[in-house]
Every structure is written in C-alpha cells, then in structure tokens.
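Okay, so here's the structure we're looking at.
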Amino acid sequence: MSISKKDVEHVAHLARIRVAPDELTRYQEGLANILELVTQMQDCNTDGVEPMAHPQDIALRLREDCVTEINERSSFQKGAPLVEDGLYLVPRVIE
Amino acid sequence: MPHRHSLTTLRDMLRQREISSSELTRHFLDRIARYDDLNAFITVEEETAMASAQQADKRLSNGEHGPLTGVPIAHKDIFCTRGILTTCGSKMLRNFIAPYDATVVERLADAGSVLTGKTNMDEFAMGSSNETSYFGPVRNPWNRERVPGGSSGGSAAAVAARLVPGATGTDTGGSIRQPAAFCGLTGLKPSYGRVSRYGMIAFASSLDQGGPLARSAMDAALLLKCMAGLDRRDSTSMAHDTADIDGALKINLRGLRIGLPTEFFDDSVNAGVLLRVREALAVFEELGASLVDIALPNSRAGIPCYYVIAPAEASSNLSRFDGVRFGHRSEQATNLQELYEYSRAEGFGEEVKRRILIGTYALSAGYYDAYYLKAQRIRRLIAQDFSKAFEQCDIIAGPTTPSSAFGLGEKTQDPVAMYLNDIFTSTVNLAGLPGLSIPAGLDDSGLPVGMQLIGKFMDEGRLLGAAHRFQQVTDWHQSAPEGF
C-alpha cells in the first residue's frame with residue numbers, strides 16, 4: 001500500500017475533514033488506487049520542462065484603483081448558518 | 001409539437017409570433033413534470049419562468065427582442081442564480097440561495113431567455129456519470145438503465161429528452177463533452193477564458209469553463225455568443241470577438257485539414273464507437289476535408305496529470321466550505337476545529353472527500369515536487385503536443401469517449417475506471433483549447449456515439465462551422481430517443 005493509515009489521518013487533518021476510524025481503510029484503499037494511477041506520470045520524461053500552472057501565459061490585467069462593489073453584507077449573511085449583529089458565530093475559541 | 005424544433009427555430013417562431021413564450025414555456029414545464037423520473041432537474045422554477053415568459057411576450061408584441069427572447073433554457077446547478085436554490089449537487093449547499101447571478105446567468109437573461117430551472121449534476125462537478133449527486137442519479141433518456149454521463153448529466157438528459165431546447169454546462173475534464181456524447185447532443189467546451197467563470201462554483205480554476213449543451217452546432221453557436229465575452233469580474237476572461245462564430249457557420253470545408261491522433265484510434269476504444277467515428281470522418285472527406293495522421297505522444301499521461309492538478313486545485317477551492325459563512329454546519333461540534341471537520345465530513349460526499357484528500361496529499365510537504373510540479377511539467381508537454389500537431393492540421397478529431405453510455409452502478413465501485421472516461425477530453429482542458437462533441441450515430445445497442453473536434457486556442461468558430469456543415473448533410477443530431 002503506497003499510502004499508510006497514518007498518512008490518511010494526516011492529510012484528513014490538513015484538509016479539515018473528519019474521517020471516522022471505521023472509514024480509514026476505505027479511504028486508504030481509494031487513495032492508494034488513485035496514487036497508483038497518478039504514479040504513471042513517472043514514465044514521462046520532464047527533464048528541463050518548465051511547469052505550466054495555467055493555460056494563459058499572460059499577465060493578469062490591472063484595473064483602476066477605485067471602489068467597484070457596494071456593501072452587501074446583510075444579503076450575503078442570509079445564507080450563513082449562524083450570525084448575530086452582522087457577525088458570524090463560531091464555537092468559543094478564547095477561554 | 002414545439003419540443004421537436006431546434007432552439008434557433010423556436011427563437012424564430014417566437015419572433016414571428018407563431019407561438020408565444022407563455023405557451024412554449026408551459027409546454028416545456030409540462031414535459032419537465034411528465035418526465036421527472038429522469039431526475040434531470042434539482043429545482044424547477046415554474047412561477048418565475050411563467051412570469052418571465054409573459055414579460056418576453058410583452059416585449060415581442062412590441063416588436064422588441066434580444067437574441068433569445070422568450071426561449072426556455074435550463075442552467076446547471078453549479079451556476080449561481082439570485083434568489084434561487086444553487087446546490088452544486090451537494091448536501092453542503094442543499095439550502096444555499098445564491099445572493100447574486102453568475103455572469104453566464106446574467107448574460108443569458110439579458111439575451112431574453114426564460115429560466116425553467118436548475119439541472120442535476122455530479123457533486124461539485126466531480127464525476128462522469130451523475131451518480132455522485134446528493135439528489136440522486138440522472139437517467140439517460142436513450143436507455144433509463146444507463147448513465148447520462150457527467151458531470152453535466154442533468155443538462156444533457158434534459159436537452160436530449162426535449163425538456164428544454166438548450167442548457168448550460170461546465171467542463172473541467174470532459175463534463176460537457178462526455179454527457180453530450182452519451183446523450184446524442186452537441187456540446188462545446190470553449191477555450192479557457194472565452195466564458196466568464198464569475199458565479200460558477202469553482203472546481204479547478206485553471207481548467208473550468210462553462211459552455212452550451214444543445215441539439216445542433218447552430219444552436220450551440222447561438223448560446224455561446226450570448227454567454228461569451230470579457231467580464232471584469234473574472235480576471236482570466238478574455239476580450240475576444242464572437243463575430244467570427246457567425247462567419248464560421250458558413251465555412252467551406254474544402255482544404256480543411258483534420259488531424260487524427262494515432263493515440264485516439266487504438267484498441268482502448270470500443271469497436272462500435274470507432275466505426276461510427278470513421279464513418280463520420282468519411283463524410284468530412286466527402287465535404288472536401290483531408291485527413292492527416294498526427295501524434296499526441298504524451299496523451300497517455302493526461303489522466304494521471306489531470307488527477308493531480310484538478311484535485312489539487314479543488315482542495316484549495318473547496319476550503320471555503322467551513323460551516324461558518326454558508327453551507328452545511330454540523331450540530332455535533334464542540335470547538336472550532338470540530339466545526340470545520342464535522343461540517344465538511346457531513347456536507348461532502350465520498351468522491352468529493354476523496355478528491356480533496358488526494359489533492360491535499362499532492363500539495364503537502366514532501367510530495368509537492370513529485371506530484372504537483374511533475375504534473376505541471378507534463379501539462380506543458382501536453383500543450384506543446386497540441387501546438388506541434390496544429391502545424392500539420394486545422395482541427396483534430398477522434399472519439400469523445402472510449403465507449404457509449406455505461407450502466408447505472410457499473411463503475412461506482414471503481415473510481416479509477418470512472419476517471420478513464422475522460423481520457424480523450426481532459427488533455428484539452430489542460431491545454432486550455434476548445435473541444436466540441438457532436439453526434440456521430442448510434443452503436444449496436446442503439447446508444448449515441450460522440451465525435452470530438454478539438455481546435456486551436458479561440459478557434460471554436462471553426463469547430464462549430466465544421467460541425468454545422470457536417471450536420472447539414474447528416475441527420476444524426478436530429479434523432480431523438482424513443483418516447484420523447
């Protein structure tokens with residue numbers, strides 16, 4: 001197996017996704033199969049090839065430094081699970 | 001029966017007042033209700049659709065009209081629609097009412113179209129069968145035991161079943177072209193930057209493009225013209241004249257060089273699919289085109305490369321779903337860390353989580369060079385392969401998919417087998433080029449076969465033009481599934 005259970009737990013932590021102990025093997029297998037597919041990249045010689053991050057090799061355009069949007073906080077917060085006085089609520093982080 | 005007419009014909013009938021938008025919209029809404037067993041729609045907007053149809057009729061009776069006034073359409077549920085549920089096929093967004101319109105939605109509304117509803121899709125556009133949707137799988141109207149393809153499976157099934165004359169889709173690795181192929185439609189993935197991504201829920205930002213699913217190249221061209229163009233709200237959208245598209249519909253195919261990549265015609269492709277594609281190519285030859293053999297030597301590395309880059313970008317894009325600002329929020333969290341972890345574990349489906357995890361892995365310390373940078377180098381090789389090939393030809397042709405529509409449930413247990421569906425389509429996204437799938441006939445099981453045409457950057461006019469010429473002398477694009 002190219003990826004260990006410990007690796008899966010680590011990645012799940014980085015991605016902030018809770019993986020229950022009884023799901024661990026299933027994710028391990030799923031990820032191992034994908035990694036096996038992805039490892040076929042090694043057959044391709046890429047010595048001296050520049051990485052390509054994006055299909056457009058151009059600089060992003062600039063715009064005037066001025067206000068273009070209006071404040072729509074209340075409309076955007078309508079979809080939030082929990083807000084109070086215009087603030088998003090989360091469980092207490094400072095004791 | 002108005003649903004038998006093409007989108008362009010319906011548009012003209014509306015202008016000539018042969019039918020009203022209210023009648024037409026009512027007719028399509030009735031069909032959507034009648035064929036709801038296909039599960040093509042997540043949301044049907046009956047009241048707003050009838051209200052905008054009445055407005056369209058008012059304008060038409062005053063002799064005013066835009067390019068699509070009164071024509072009913074549907075949007076893939078990945079496009080934000082102000083005041084209307086926008087789920088992206090996910091439990092995460094099952095209650096999300098978008099506070100604004102995507103640019104594509106806004107432009108098609110400005111063109112006068114009538115929105116009937118939002119179509120089903122693979123969750124966050126991750127899938128090739130529409131089976132990862134939180135709202136259940138979509139059935140293929142050609143055979144209800146088969147998948148419609150994905151991720152734009154709901155849009156494809158809706159257009160194929162004549163529930164709407166045209167719909168929007170998005171394509172990150174084949175999500176417009178593969179369902180178009182499986183459902184017998186004309187589906188275009190435009191060049192990267194042609195269509196604004198603003199308000200289109202992001203999957204992999206350097207690959208995603210919105211585009212039309214329609215019944216002919218002419219209809220697809222009309223929809224594209226209404227969707228495309230520079231948008232200041234998407235920094236990667238480009239100013240590119242769409243006037244070339246009208247002109248292209250009149251092109252002569254004499255002298256057109258069609259490149260056939262040897263890699264697309266090997267024994268990995270189903271024999272019935274190859275047969276239909278070769279027959280279609282013979283028609284192009286009769287129309288004056290010449291066929292040349294070309295090579296895309298790195299295409300085999302396309303799927304491994306795509307399944308690093310797309311999940312890596314997805315893992316970053318989907319980090320916004322945290323249970324705080326929008327979307328699902330877990331009830332069982334006792335601290336902030338748990339709020340993130342449980343909200344994401346409960347809100348995302350299995351395939352989405354798998355891709356976030358693999359993308360996070362590929363970007364994590366110690367693996368970044370071996371996976372992510374390696375994939376980006378291969379991406380350049382793939383793009384260079386296309387550039388070299390286009391020195392010998394004007395467009396590239398081959399099958400859209402290795403097989404016709406497969407059975408529901410056939411590949412759900414084997415994600416890697418599912419991924420291989422995109423073998424001929426994903427390299428086109430990696431290079432940012434336009435790709436068009438057109439119907440090339442039916443295979444022995446009576447299922448549609450798609451042929452893909454790939455063009456140079458921003459040359460979708462030529463693709464649509466070549467397809468239009470082909471559709472003027474063939475009628476594969478006219479065939480409808482039985483009972484629709």
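Letters for chains follow the order of the structure tokens (A, B, ...), residue numbers begin at 1 for each chain, and ligand numbers begin at 1 in the order shown.
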- request: Could you give me, as a ChimeraX atom specification, each residue of stretch 203-249 of chain B that DSSP assigns to alpha helix (DSSP H) when run on this structure's backbone?
  value: /B:217-227,243-248
message: Could you work out which residues of chain A fall inside 6 Å of chain B? Count only C-alpha atoms, and format the result as a list of chain:residue names.
response: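 Therefore, the residues near the partner are A:Val11, A:Arg16, A:Ile17, A:Arg18, A:Leu37, A:Val38, A:Met41, A:Val49, A:Glu50, A:Pro51, A:Met52, A:His54, A:Pro55, A:Gly79, A:Ala80, A:Pro91.
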Near stretch 169-184 of chain B, counting only C-alpha atoms, which residues have an atom at most 7 Å away, once you skip same-chain residues fewer than 2 positions from it, shown as a tab-separated table (two decimals) with C-alpha atoms, in the first residue's frame?
```
chain	number	residue	atom	x	y	z
B	76	LYS	CA	-26.60	23.50	-14.50
B	128	SER	CA	-18.51	11.21	-15.09
B	140	ASN	CA	-30.25	8.58	-19.74
B	142	TRP	CA	-31.90	6.80	-24.57
B	148	PRO	CA	-26.31	10.23	-18.97
B	149	GLY	CA	-22.62	10.96	-18.35
B	150	GLY	CA	-21.39	13.71	-16.12
B	151	SER	CA	-20.85	15.97	-14.55
B	152	SER	CA	-23.41	17.99	-16.61
B	153	GLY	CA	-25.69	14.91	-16.73
B	155	SER	CA	-28.47	19.33	-18.55
B	156	ALA	CA	-27.65	16.63	-21.11
B	157	ALA	CA	-30.62	14.43	-20.17
B	160	ALA	CA	-31.90	15.01	-25.07
B	167	ALA	CA	-28.91	24.23	-21.40
B	186	THR	CA	-23.76	18.90	-29.49
B	187	GLY	CA	-21.74	20.16	-26.52
B	188	LEU	CA	-18.99	22.76	-26.54
B	189	LYS	CA	-16.21	23.36	-24.05
B	204	ALA	CA	-10.39	23.51	-10.66
B	207	LEU	CA	-9.42	24.09	-16.12
B	208	ASP	CA	-13.09	25.09	-15.60
B	209	GLN	CA	-15.09	26.53	-18.49
B	210	GLY	CA	-18.83	26.99	-18.94
B	211	GLY	CA	-20.44	26.17	-22.26
B	212	PRO	CA	-23.64	25.13	-24.06
B	213	LEU	CA	-25.35	21.76	-24.47
B	400	THR	CA	-15.20	11.83	-27.45
B	401	THR	CA	-15.25	8.80	-25.15
B	404	SER	CA	-21.07	4.76	-25.31
B	405	ALA	CA	-23.12	5.26	-22.12
B	422	ASP	CA	-12.08	11.42	-19.64
B	425	THR	CA	-11.22	15.08	-23.15
B	426	SER	CA	-9.10	16.06	-20.13
B	429	ASN	CA	-8.71	21.33	-20.63
B	436	LEU	CA	-16.78	20.12	-29.32
B	437	SER	CA	-18.65	16.82	-29.17
B	438	ILE	CA	-21.14	16.08	-31.95
B	439	PRO	CA	-23.38	13.05	-32.52
B	448	PRO	CA	-25.39	7.62	-29.23
B	449	VAL	CA	-21.72	7.86	-30.18
B	450	GLY	CA	-19.91	11.20	-29.90
B	477	HIS	CA	-28.18	15.26	-34.50
```
- request: Select, from B:Leu223, B:Leu447, B:Thr81, B:Glu131, the residue with the minimum atom-to-atom distance to B:Ser479, counting only C-alpha atoms.
  value: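 Looking at the shortest contact to B:Ser479, the residue is B:Leu447.
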Between atom CA of B:Pro297 and atom CA of B:Gly441, distance in Å (one decimal):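 Computed distance, atom CA of B:Pro297 to atom CA of B:Gly441, equals 28.5 Å.
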- request: Determine, counting only C-alpha atoms, which protein, DNA and RNA residues have an atom within 10 Å of an atom of B:Leu275; residues of the same chain fewer than 4 positions away are not included. Present the result as a list of chain:residue names.
  value: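 In the requested form, the answer reads B:Asn270, B:Ala271, B:Glu279, B:Ala280, B:Leu281, B:Pro399, B:Ala440, B:Gly441, B:Asp443, B:Val449.
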